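K.L.:
Got a file for you: entry39.txt, compact mmCIF, C-alpha atoms.
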# COMPACT_ATOMS: atom_id res chain seq x y z
CA MET A 1 0.00 0.00 0.00
CA LYS A 2 2.88 2.35 0.79
CA ALA A 3 4.47 1.99 -2.64
CA PRO A 4 1.41 3.23 -4.61
CA MET A 5 0.93 6.12 -2.15
CA ARG A 6 4.58 7.07 -2.51
CA ARG A 7 4.21 7.03 -6.29
CA ILE A 8 1.14 9.26 -6.06
CA ARG A 9 3.07 11.74 -3.87
CA GLU A 10 5.94 11.71 -6.37
CA MET A 11 3.52 12.32 -9.22
CA LEU A 12 2.00 15.32 -7.43
CA THR A 13 5.31 16.94 -6.46
CA GLY A 14 7.77 15.83 -9.17
CA PRO A 15 8.91 17.85 -12.21
CA THR A 16 6.42 16.09 -14.48
CA ALA A 17 3.51 17.21 -12.29
CA VAL A 18 4.83 20.77 -11.97
CA ASN A 19 5.45 21.16 -15.68
CA SER A 20 2.15 19.48 -16.48
CA LEU A 21 0.40 21.97 -14.20
CA VAL A 22 2.06 24.86 -16.05
CA VAL A 23 1.00 23.48 -19.43
CA ALA A 24 -2.40 22.51 -18.03
CA THR A 25 -3.00 26.13 -17.07
CA GLY A 26 -2.64 27.20 -20.69
CA ASN A 27 -4.64 24.21 -21.86
CA GLY A 28 -7.31 25.00 -19.30
CA VAL A 29 -7.62 28.56 -20.57
CA SER A 30 -7.67 27.29 -24.15
CA ALA A 31 -10.21 24.56 -23.33
CA LEU A 32 -12.52 27.00 -21.55
CA SER A 33 -12.15 29.46 -24.43
CA GLY A 34 -12.87 26.66 -26.88
CA LEU A 35 -15.94 25.55 -24.95
CA ALA A 36 -17.21 29.12 -24.80
CA ALA A 37 -16.64 29.44 -28.55
CA THR A 38 -18.48 26.13 -29.08
CA VAL A 39 -21.43 27.41 -27.06
CA LEU A 40 -21.63 30.58 -29.17
CA VAL A 41 -21.19 28.77 -32.48
CA SER A 42 -23.56 25.89 -31.73
CA ARG A 43 -26.28 28.16 -30.34
CA ALA A 44 -26.00 30.63 -33.21
CA MET A 45 -26.02 27.97 -35.93
CA GLY A 46 -28.33 25.31 -34.46
CA PRO A 47 -27.70 21.56 -34.85
CA SER A 48 -28.09 21.42 -38.65
CA ILE A 49 -25.72 24.27 -39.60
CA TYR A 50 -23.35 23.31 -36.79
CA GLY A 51 -23.22 19.86 -38.38
CA VAL A 52 -22.14 21.45 -41.67
CA PHE A 53 -19.43 23.42 -39.88
CA SER A 54 -18.26 20.29 -38.03
CA LEU A 55 -17.90 18.35 -41.27
CA ALA A 56 -15.76 21.11 -42.78
CA LEU A 57 -13.63 21.43 -39.64
CA GLY A 58 -13.13 17.67 -39.59
CA ALA A 59 -11.85 17.82 -43.17
CA ALA A 60 -9.35 20.48 -42.10
CA THR A 61 -8.14 18.30 -39.22
CA THR A 62 -7.61 15.37 -41.59
CA ALA A 63 -5.73 17.62 -44.04
CA THR A 64 -3.57 18.86 -41.14
CA THR A 65 -2.53 15.30 -40.33
CA LEU A 66 -1.72 14.57 -43.97
CA MET A 67 0.41 17.72 -44.14
CA ASP A 68 2.28 16.62 -41.03
CA PHE A 69 2.89 12.88 -41.56
CA GLY A 70 4.61 12.63 -38.17
CA LEU A 71 7.17 15.37 -38.88
CA ASN A 72 6.06 17.40 -35.86
CA GLU A 73 6.80 14.43 -33.59
CA GLY A 74 10.12 13.82 -35.32
CA LEU A 75 11.09 17.46 -34.87
CA LEU A 76 10.17 17.36 -31.19
CA ARG A 77 12.20 14.23 -30.46
CA HIS A 78 15.35 15.29 -32.30
CA ALA A 79 15.16 18.91 -31.15
CA ALA A 80 14.77 17.71 -27.55
CA ARG A 81 17.83 15.45 -27.82
CA SER A 82 20.03 18.01 -29.57
CA GLY A 83 18.85 20.72 -27.17
CA ALA A 84 19.70 18.54 -24.17
CA ALA A 85 23.19 18.10 -25.66
CA GLY A 86 23.52 21.89 -26.08
CA ASP A 87 23.84 21.69 -29.87
CA MET A 88 21.60 24.53 -31.09
CA ASN A 89 23.10 24.34 -34.55
CA ALA A 90 21.78 20.76 -34.86
CA THR A 91 18.36 21.99 -33.73
CA GLY A 92 18.51 24.65 -36.43
CA ARG A 93 19.38 22.07 -39.07
CA PHE A 94 16.43 19.91 -38.02
CA LEU A 95 14.13 22.94 -38.13
CA LYS A 96 15.30 23.84 -41.64
CA ALA A 97 14.91 20.24 -42.87
CA TYR A 98 11.48 20.17 -41.25
CA ALA A 99 10.45 23.38 -43.05
CA GLN A 100 11.51 21.94 -46.41
CA LEU A 101 9.55 18.71 -45.91
CA LYS A 102 6.47 20.53 -44.58
CA THR A 103 6.42 22.90 -47.55
CA LEU A 104 6.49 19.96 -49.95
CA LEU A 105 3.70 18.16 -48.08
CA PHE A 106 1.57 21.30 -47.94
CA LEU A 107 1.82 21.81 -51.69
CA VAL A 108 1.02 18.15 -52.44
CA VAL A 109 -1.96 17.96 -50.05
CA CYS A 110 -3.36 21.31 -51.19
CA ALA A 111 -3.04 20.42 -54.88
CA ALA A 112 -4.69 17.04 -54.38
CA GLY A 113 -7.34 18.35 -51.98
CA LEU A 114 -8.35 21.32 -54.09
CA GLY A 115 -8.38 19.24 -57.25
CA LEU A 116 -10.57 16.54 -55.70
CA SER A 117 -12.72 18.79 -53.48
CA SER A 118 -15.79 18.76 -55.72
CA TRP A 119 -15.64 14.98 -56.12
CA LEU A 120 -15.08 14.44 -52.39
CA ALA A 121 -17.96 16.74 -51.49
CA ALA A 122 -20.41 15.17 -53.90
CA TYR A 123 -19.64 11.45 -53.74
CA VAL A 124 -17.71 10.71 -50.54
CA LEU A 125 -19.00 13.17 -47.96
CA LYS A 126 -22.43 13.97 -49.44
CA PHE A 127 -21.55 17.56 -48.58
CA PRO A 128 -23.17 20.25 -50.77
CA TYR A 129 -20.61 22.95 -49.97
CA PRO A 130 -17.39 22.27 -51.96
CA ALA A 131 -16.18 25.88 -51.53
CA LEU A 132 -16.29 25.47 -47.73
CA LEU A 133 -14.33 22.26 -48.09
CA ARG A 134 -11.63 24.09 -50.08
CA TRP A 135 -11.35 26.76 -47.35
CA ALA A 136 -10.86 23.97 -44.82
CA ILE A 137 -8.10 22.23 -46.79
CA VAL A 138 -6.03 25.38 -47.29
CA GLY A 139 -6.64 26.54 -43.71
CA ALA A 140 -5.12 23.37 -42.31
CA LEU A 141 -1.72 25.04 -42.69
CA GLY A 142 -2.52 27.38 -39.78
CA LEU A 143 -3.05 24.44 -37.40
CA ASN A 144 0.24 22.92 -38.58
CA LEU A 145 2.16 26.11 -37.86
CA LEU A 146 0.72 26.28 -34.34
CA THR A 147 1.77 22.68 -33.68
CA CYS A 148 5.26 23.37 -34.99
CA GLY A 149 5.65 26.32 -32.62
CA ARG A 150 4.42 24.30 -29.66
CA ASN A 151 6.75 21.40 -30.47
CA LEU A 152 9.81 23.64 -30.64
CA LEU A 153 8.98 25.06 -27.22
CA GLU A 154 8.23 21.60 -25.82
CA ALA A 155 11.52 20.25 -27.17
CA ARG A 156 13.39 22.95 -25.24
CA GLN A 157 11.13 22.26 -22.24
CA ARG A 158 9.93 25.86 -22.25
CA PHE A 159 6.61 24.84 -20.76
CA LEU A 160 5.57 28.31 -19.60
CA ASP A 161 5.85 29.52 -23.19
CA VAL A 162 3.91 26.45 -24.36
CA SER A 163 1.19 27.47 -21.93
CA ILE A 164 1.21 31.06 -23.23
CA VAL A 165 0.94 29.94 -26.86
CA THR A 166 -1.91 27.55 -26.07
CA ALA A 167 -3.85 30.03 -23.96
CA GLY A 168 -3.22 32.88 -26.38
CA SER A 169 -4.48 30.99 -29.41
CA GLY A 170 -7.62 29.96 -27.51
CA LEU A 171 -8.34 33.49 -26.31
CA LEU A 172 -7.75 34.99 -29.77
CA LYS A 173 -10.23 32.49 -31.20
CA LEU A 174 -12.84 33.29 -28.55
CA ILE A 175 -12.50 37.05 -29.03
CA ALA A 176 -12.93 36.70 -32.79
CA ILE A 177 -15.92 34.33 -32.42
CA ALA A 178 -17.57 36.58 -29.82
CA THR A 179 -17.14 39.58 -32.13
CA LEU A 180 -18.75 37.74 -35.05
CA PHE A 181 -21.54 36.53 -32.75
CA TRP A 182 -22.19 40.09 -31.55
CA LEU A 183 -22.25 41.36 -35.13
CA GLY A 184 -24.60 38.55 -36.18
CA ARG A 185 -22.16 37.25 -38.84
CA LEU A 186 -21.21 33.87 -37.41
CA THR A 187 -21.33 31.80 -40.60
CA PRO A 188 -19.53 28.46 -41.15
CA ALA A 189 -17.04 30.09 -43.57
CA LYS A 190 -16.07 32.94 -41.21
CA THR A 191 -15.88 30.56 -38.26
CA LEU A 192 -13.53 28.29 -40.21
CA ILE A 193 -11.23 31.21 -40.95
CA VAL A 194 -11.03 32.01 -37.23
CA TYR A 195 -10.44 28.40 -36.20
CA LEU A 196 -7.82 27.66 -38.84
CA TYR A 197 -5.89 30.83 -39.66
CA LEU A 198 -5.40 32.60 -36.33
CA PRO A 199 -3.36 29.74 -34.75
CA ALA A 200 -0.44 30.45 -37.14
CA ALA A 201 0.63 33.22 -34.73
CA GLY A 202 1.89 30.45 -32.41
CA LEU A 203 4.93 29.73 -34.60
CA VAL A 204 5.86 33.43 -34.72
CA TYR A 205 5.80 33.59 -30.93
CA ALA A 206 7.90 30.40 -30.60
CA LEU A 207 10.64 31.67 -32.91
CA TRP A 208 10.68 34.98 -31.04
CA ARG A 209 11.09 33.18 -27.70
CA LEU A 210 13.83 30.87 -29.03
CA PRO A 211 16.37 33.26 -30.55
CA ASP A 212 19.21 30.77 -29.90
CA ILE A 213 17.86 28.43 -32.59
CA PRO A 214 19.69 29.52 -35.76
CA LEU A 215 17.33 29.85 -38.71
CA ARG A 216 20.38 29.67 -40.99
CA PRO A 217 22.47 26.97 -39.31
CA ASP A 218 26.15 26.58 -39.95
CA GLY A 219 27.83 23.34 -40.96
CA ARG A 220 27.28 21.05 -43.86
CA ARG A 221 25.02 22.30 -46.63
CA SER A 222 23.18 19.04 -47.22
CA LEU A 223 20.26 18.39 -44.89
CA ALA A 224 19.63 14.89 -46.22
CA PRO A 225 20.66 13.18 -42.92
CA GLU A 226 18.27 15.37 -40.93
CA ARG A 227 15.47 14.73 -43.39
CA ARG A 228 16.06 10.98 -43.16
CA GLU A 229 15.99 11.07 -39.35
CA LEU A 230 12.81 13.15 -39.26
CA ILE A 231 11.08 10.83 -41.70
CA GLY A 232 12.52 7.67 -40.12
CA PHE A 233 11.08 8.45 -36.69
CA GLY A 234 8.01 10.43 -37.73
CA ALA A 235 6.72 8.29 -40.59
CA TRP A 236 5.39 5.53 -38.34
CA ILE A 237 3.77 8.01 -35.97
CA GLY A 238 2.44 9.84 -39.03
CA PHE A 239 0.89 6.63 -40.29
CA VAL A 240 -0.84 6.09 -36.94
CA SER A 241 -1.95 9.75 -36.84
CA ILE A 242 -3.38 9.60 -40.35
CA CYS A 243 -5.34 6.46 -39.51
CA ALA A 244 -6.57 8.10 -36.30
CA SER A 245 -7.50 11.28 -38.16
CA ILE A 246 -9.45 9.34 -40.79
CA ALA A 247 -11.12 7.39 -37.99
CA GLY A 248 -11.98 10.68 -36.28
CA TYR A 249 -13.66 11.86 -39.48
CA LEU A 250 -15.20 8.51 -40.37
CA ASP A 251 -17.91 8.65 -37.70
CA VAL A 252 -19.29 12.07 -38.69
CA THR A 253 -19.02 11.17 -42.39
CA LEU A 254 -21.06 7.99 -41.99
CA ILE A 255 -23.54 9.76 -39.71
CA ASN A 256 -24.01 12.42 -42.39
CA ARG A 257 -24.41 9.81 -45.15
CA SER A 258 -26.80 7.65 -43.11
CA LEU A 259 -28.75 10.41 -41.37
CA ASP A 260 -28.30 14.18 -41.90
CA PRO A 261 -26.19 17.22 -40.85
CA ARG A 262 -28.46 17.74 -37.81
CA ALA A 263 -27.36 14.36 -36.43
CA VAL A 264 -23.75 15.37 -37.08
CA GLY A 265 -24.34 18.58 -35.14
CA LEU A 266 -25.80 16.75 -32.14
CA TYR A 267 -22.93 14.24 -32.16
CA SER A 268 -20.20 16.87 -32.63
CA ALA A 269 -21.54 19.10 -29.86
CA ALA A 270 -21.57 16.16 -27.44
CA TYR A 271 -18.06 15.14 -28.48
CA ARG A 272 -16.80 18.70 -27.96
CA PHE A 273 -17.80 18.57 -24.29
CA ALA A 274 -16.70 14.95 -23.84
CA SER A 275 -13.27 15.85 -25.20
CA VAL A 276 -12.40 17.52 -21.91
CA PHE A 277 -10.40 14.32 -21.30
CA VAL A 278 -8.53 14.78 -24.56
CA ALA A 279 -7.75 18.37 -23.56
CA ALA A 280 -6.48 17.10 -20.20
CA SER A 281 -4.12 14.68 -21.98
CA PHE A 282 -2.43 17.49 -23.96
CA PRO A 283 -0.42 18.97 -21.06
CA LEU A 284 0.66 15.49 -20.01
CA ALA A 285 1.71 14.65 -23.55
CA SER A 286 3.51 17.98 -23.95
CA VAL A 287 5.67 17.28 -20.91
CA LEU A 288 6.06 13.54 -21.31
CA LYS A 289 7.11 13.58 -24.98
CA ALA A 290 10.05 15.85 -24.23
CA ARG A 291 11.01 14.00 -21.03
CA ALA A 292 10.58 10.48 -22.41
CA SER A 293 12.70 11.38 -25.44
CA THR A 294 15.67 11.84 -23.10
CA PHE A 295 15.25 8.57 -21.15
CA SER A 296 18.31 6.34 -21.49
CA THR A 297 17.77 3.63 -18.85
CA VAL A 298 15.16 0.93 -18.38
CA GLY A 299 14.74 1.93 -14.73
CA ARG A 300 13.53 5.40 -15.62
CA LEU A 301 11.10 3.98 -18.16
CA GLU A 302 9.67 1.48 -15.66
CA ALA A 303 9.18 4.18 -13.01
CA TYR A 304 7.40 6.28 -15.61
CA LEU A 305 5.09 3.40 -16.58
CA GLY A 306 4.10 2.92 -12.94
CA LYS A 307 2.82 6.50 -12.88
CA ALA A 308 1.06 5.99 -16.20
CA ARG A 309 -0.98 3.14 -14.71
CA ILE A 310 -2.19 5.39 -11.89
CA MET A 311 -3.21 8.07 -14.41
CA ALA A 312 -5.28 5.49 -16.27
CA VAL A 313 -7.18 4.58 -13.10
CA LEU A 314 -7.90 8.23 -12.32
CA ALA A 315 -9.57 8.66 -15.72
CA GLY A 316 -12.39 6.35 -14.60
CA PHE A 317 -13.49 8.80 -11.91
CA GLY A 318 -13.77 11.51 -14.55
CA VAL A 319 -16.22 9.39 -16.55
CA LEU A 320 -18.45 9.06 -13.50
CA ALA A 321 -18.51 12.85 -13.08
CA VAL A 322 -19.48 13.35 -16.73
CA TRP A 323 -22.34 10.83 -16.49
CA ILE A 324 -23.76 12.70 -13.50
CA ALA A 325 -23.32 16.20 -14.93
CA ALA A 326 -24.33 15.51 -18.58
CA PRO A 327 -27.97 16.76 -18.38
CA LEU A 328 -26.94 19.97 -16.62
CA VAL A 329 -24.09 20.61 -19.07
CA VAL A 330 -26.29 20.19 -22.16
CA HIS A 331 -29.21 22.24 -20.82
CA VAL A 332 -27.08 25.13 -19.55
CA PHE A 333 -24.52 25.43 -22.34
CA LEU A 334 -26.10 24.02 -25.50
CA GLY A 335 -29.79 24.62 -24.91
CA PRO A 336 -32.97 22.61 -25.54
CA ALA A 337 -32.19 22.15 -29.23
CA TYR A 338 -29.42 19.74 -28.20
CA GLU A 339 -31.48 17.60 -25.78
CA GLU A 340 -30.59 14.46 -27.74
CA SER A 341 -26.88 15.09 -27.06
CA ILE A 342 -27.20 14.07 -23.37
CA PRO A 343 -26.83 10.28 -23.87
CA LEU A 344 -24.20 10.92 -26.55
CA LEU A 345 -22.11 12.96 -24.11
CA ARG A 346 -22.22 10.14 -21.57
CA ILE A 347 -21.24 7.44 -24.04
CA LEU A 348 -18.51 9.47 -25.76
CA SER A 349 -16.92 10.35 -22.39
CA ILE A 350 -15.92 6.68 -22.03
CA GLY A 351 -13.95 6.77 -25.27
CA THR A 352 -12.31 10.14 -24.60
CA ALA A 353 -11.34 9.00 -21.08
CA LEU A 354 -9.65 5.95 -22.59
CA SER A 355 -7.85 8.30 -24.99
CA PHE A 356 -6.57 10.24 -21.96
CA ALA A 357 -5.48 7.01 -20.29
CA SER A 358 -3.63 5.92 -23.45
CA SER A 359 -1.57 9.09 -23.81
CA PRO A 360 1.11 8.35 -21.15
CA PHE A 361 1.63 4.82 -22.48
CA ILE A 362 2.09 6.08 -26.05
CA MET A 363 4.79 8.44 -24.84
CA ALA A 364 6.80 5.46 -23.56
CA PHE A 365 7.77 4.66 -27.16
CA TYR A 366 9.61 8.00 -27.38
CA ALA A 367 12.21 6.75 -24.88
CA PHE A 368 14.11 4.47 -27.26
CA GLY A 369 12.77 5.72 -30.58
CA ARG A 370 10.61 2.68 -31.38
CA SER A 371 7.85 4.55 -33.15
CA ARG A 372 7.44 1.58 -35.52
CA SER A 373 5.92 -0.40 -32.63
CA LEU A 374 2.94 1.98 -32.69
CA ALA A 375 2.20 1.43 -36.38
CA ILE A 376 -0.28 -1.37 -35.71
CA LEU A 377 -2.52 0.96 -33.68
CA GLY A 378 -3.52 2.97 -36.74
CA PRO A 379 -5.11 0.26 -38.90
CA VAL A 380 -6.61 -1.47 -35.84
CA ASN A 381 -8.25 1.78 -34.75
CA LEU A 382 -9.60 2.45 -38.24
CA GLY A 383 -10.71 -1.13 -38.90
CA VAL A 384 -12.48 -1.67 -35.57
CA LEU A 385 -14.25 1.70 -35.81
CA PHE A 386 -15.44 1.05 -39.36
CA ALA A 387 -16.78 -2.40 -38.43
CA ALA A 388 -18.46 -1.08 -35.29
CA LEU A 389 -20.06 1.83 -37.15
CA ARG A 390 -21.37 -0.44 -39.89
CA LEU A 391 -22.87 -2.71 -37.24
CA LEU A 392 -24.25 -0.20 -34.72
CA LEU A 393 -25.10 2.96 -36.70
CA PRO A 394 -27.93 1.44 -38.82
CA ARG A 395 -29.49 -0.21 -35.74
CA TYR A 396 -29.11 2.46 -33.05
CA GLY A 397 -28.56 5.73 -34.95
CA ILE A 398 -26.20 8.34 -33.51
CA ALA A 399 -26.14 6.54 -30.14
CA GLY A 400 -24.75 3.52 -32.01
CA ALA A 401 -22.03 5.74 -33.50
CA ALA A 402 -21.11 6.94 -30.00
CA TRP A 403 -20.86 3.35 -28.73
CA ALA A 404 -18.73 2.44 -31.76
CA PHE A 405 -16.35 5.28 -30.87
CA SER A 406 -15.97 4.20 -27.24
CA LEU A 407 -15.67 0.49 -27.99
CA THR A 408 -12.93 1.24 -30.52
CA HIS A 409 -10.94 3.22 -27.95
CA ALA A 410 -11.31 0.35 -25.49
CA ALA A 411 -9.88 -2.11 -28.04
CA VAL A 412 -6.98 0.23 -28.87
CA PHE A 413 -6.20 0.77 -25.18
CA VAL A 414 -5.96 -2.98 -24.55
CA LEU A 415 -3.71 -3.43 -27.58
CA LEU A 416 -1.53 -0.52 -26.45
CA ILE A 417 -0.93 -2.13 -23.06
CA VAL A 418 0.15 -5.33 -24.80
CA LEU A 419 2.54 -3.38 -27.06
CA VAL A 420 4.08 -1.59 -24.08
CA ARG A 421 4.73 -4.89 -22.31
CA VAL A 422 6.33 -6.36 -25.43
CA ASP A 423 8.47 -3.26 -25.96
CA LEU A 424 9.60 -3.25 -22.33
CA ALA A 425 10.59 -6.92 -22.55
CA GLN A 426 12.57 -6.17 -25.71
CA THR A 427 14.30 -3.28 -23.98
CA HIS A 428 15.26 -5.55 -21.07
CA GLU A 429 16.78 -8.08 -23.50
CA GLU A 430 18.77 -5.42 -25.34
CA THR A 431 20.03 -3.93 -22.07
CA ALA A 432 21.08 -7.34 -20.77
CA ALA A 433 22.97 -8.00 -24.00
CA THR A 434 24.88 -4.70 -23.70
CA PRO A 435 27.69 -4.94 -21.13
CA ASN A 436 27.93 -1.20 -20.47
CA ALA A 437 24.16 -0.58 -20.26
Translate the structure of the given file into structure tokens.
P.N.:
Amino acid sequence: MKAPMRRIREMLTGPTAVNSLVVATGNGVSALSGLAATVLVSRAMGPSIYGVFSLALGAATTATTLMDFGLNEGLLRHAARSGAAGDMNATGRFLKAYAQLKTLLFLVVCAAGLGLSSWLAAYVLKFPYPALLRWAIVGALGLNLLTCGRNLLEARQRFLDVSIVTAGSGLLKLIAIATLFWLGRLTPAKTLIVYLYLPAAGLVYALWRLPDIPLRPDGRRSLAPERRELIGFGAWIGFVSICASIAGYLDVTLINRSLDPRAVGLYSAAYRFASVFVAASFPLASVLKARASTFSTVGRLEAYLGKARIMAVLAGFGVLAVWIAAPLVVHVFLGPAYEESIPLLRILSIGTALSFASSPFIMAFYAFGRSRSLAILGPVNLGVLFAALRLLLPRYGIAGAAWAFSLTHAAVFVLLIVLVRVDLAQTHEETAATPNA
């Protein structure tokens, strides 16, 4: 009994907890700002128009993942390691290689997305607003630039600045949404511009706060080694992220095809409030990615995993709170038009809580650079969700889609635990085979 209590005390007073609290402050401000913006947008638009907006925003999120392909995670890991070694010139080379690869991906995704937007809108999404879809695809660049800025700050473990960037982007979004709401001009197109283009200011702030990172690094002219390392580590994570992003868009797409945009609006509004668990996992991930990337011993990794198990247990208490508070939350914040979102909020909270519980375990793979071990999660997530949606959506409507979401996250969480155990056993074998380990 004493050992778990000691671990809990260490979690609450250690550097991970302190840094997580700093990042959580910014995330809390951003989450509250985002929820306030959701309340204004959902109330102003109503379930049907909010469903249209949610479909467009989901397309932007998918395009963002395609434009990234794991490069943000690769940049964070290598920038954290070179920063810990005091080699800012290496960090600058990685940043320059990253910028080259991101520019290429942006051009490819934009060209393909814009060229196929009419076909995607008409035949895949059943979405009668191709122009809105094009705005979403191009606007995905803004979200990528915000993530890049955050990752640079996380890599240098500048968690106060990470908090400022996160809070600032959320507050800017809320101010812009509130202004449009007050003027009576809160349309899906204008809301998309606010959600997607304002976050680009995060990268500007990060570069201003990190003047020691040379934007024109010295040394060899060829950046091919840096590009290979970024792709080598990030590609597998990018594959998982793309599968997860498609899975995240698959539910609303099938709901729209099977039902209508109103059902999408009810589902998306419920998910937005259930995603408080996802928002809570961001500060943990921000701190743990940078810290886990510097782990060099099995002992440190095992101690970290012990804390991760406790975090997973704590997520269960959050689900209970959401189930109790769901009617009050929907009635107060969303209004009577979203009455049908109450059971959806309860069901979706199970899946988002499992997503929160998974986050610390995923970060364990940053310790020894085995991102390939995570590759199986992507297709499993996508395949299980698709099968569950095909089975439950026709029978139970949007409630079936919510259960499909949560059941999929449960399956992925179980598989993740198995992968962590296998990876830890492999690490033990490699350490035992290395005399100086």
K.L.:
Taking 2 positions as the minimum chain separation for residues in the same chain, which residues sit within 10 Å of A:Ala44 when counting all atoms listed in the file? Answer as JSON, numbers by chain.
P.N.:
{"A": [38, 39, 40, 41, 42, 46, 47, 49, 50, 181, 184, 185, 186, 187]}
K.L.:
Selection from above, C-alpha atoms, as an mmCIF file, in the coordinates of the input, can you write it?
P.N.:
data_model
loop_
_atom_site.group_PDB
_atom_site.id
_atom_site.type_symbol
_atom_site.label_atom_id
_atom_site.label_comp_id
_atom_site.auth_asym_id
_atom_site.auth_seq_id
_atom_site.Cartn_x
_atom_site.Cartn_y
_atom_site.Cartn_z
ATOM 1 C CA THR A 38 -18.480 26.130 -29.080
ATOM 2 C CA VAL A 39 -21.430 27.410 -27.060
ATOM 3 C CA LEU A 40 -21.630 30.580 -29.170
ATOM 4 C CA VAL A 41 -21.190 28.770 -32.480
ATOM 5 C CA SER A 42 -23.560 25.890 -31.730
ATOM 6 C CA GLY A 46 -28.330 25.310 -34.460
ATOM 7 C CA PRO A 47 -27.700 21.560 -34.850
ATOM 8 C CA ILE A 49 -25.720 24.270 -39.600
ATOM 9 C CA TYR A 50 -23.350 23.310 -36.790
ATOM 10 C CA PHE A 181 -21.540 36.530 -32.750
ATOM 11 C CA GLY A 184 -24.600 38.550 -36.180
ATOM 12 C CA ARG A 185 -22.160 37.250 -38.840
ATOM 13 C CA LEU A 186 -21.210 33.870 -37.410
ATOM 14 C CA THR A 187 -21.330 31.800 -40.600
#
K.L.:
Just checking: using only C-alpha atoms, which residue out of A:Ile193, A:Ala97, A:Leu66, A:Val252 ends up closest to A:Ser54?
P.N.:
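Under the stated criterion, the closest residue is A:Val252.
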K.L.:
One decimal, Å: what's the distance from atom CA of A:Gly170 over to atom CA of A:Gly139, could you say?
P.N.:
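Those two atoms sit 16.6 Å apart.
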K.L.:
With distances taken over all atoms listed in the file, which residue among A:Leu180, A:Ser241, A:Ala321, A:Ala337 lies nearest A:Pro379?
P.N.:
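Ranked by minimum distance to A:Pro379, first place goes to A:Ser241.
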K.L.:
Mind pulling up the distance from atom CA of A:Ala56 to atom CA of A:Phe333?
P.N.:
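Going from atom CA of A:Phe333 over to atom CA of A:Ala56 covers 22.7 Å.
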K.L.:
Counting only C-alpha atoms, which residue out of A:Ala131, A:Ile342, A:Leu328, A:Ala36 sits closest to A:Ala178?
P.N.:
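Checking each candidate against A:Ala178, we get A:Ala36 as the closest.
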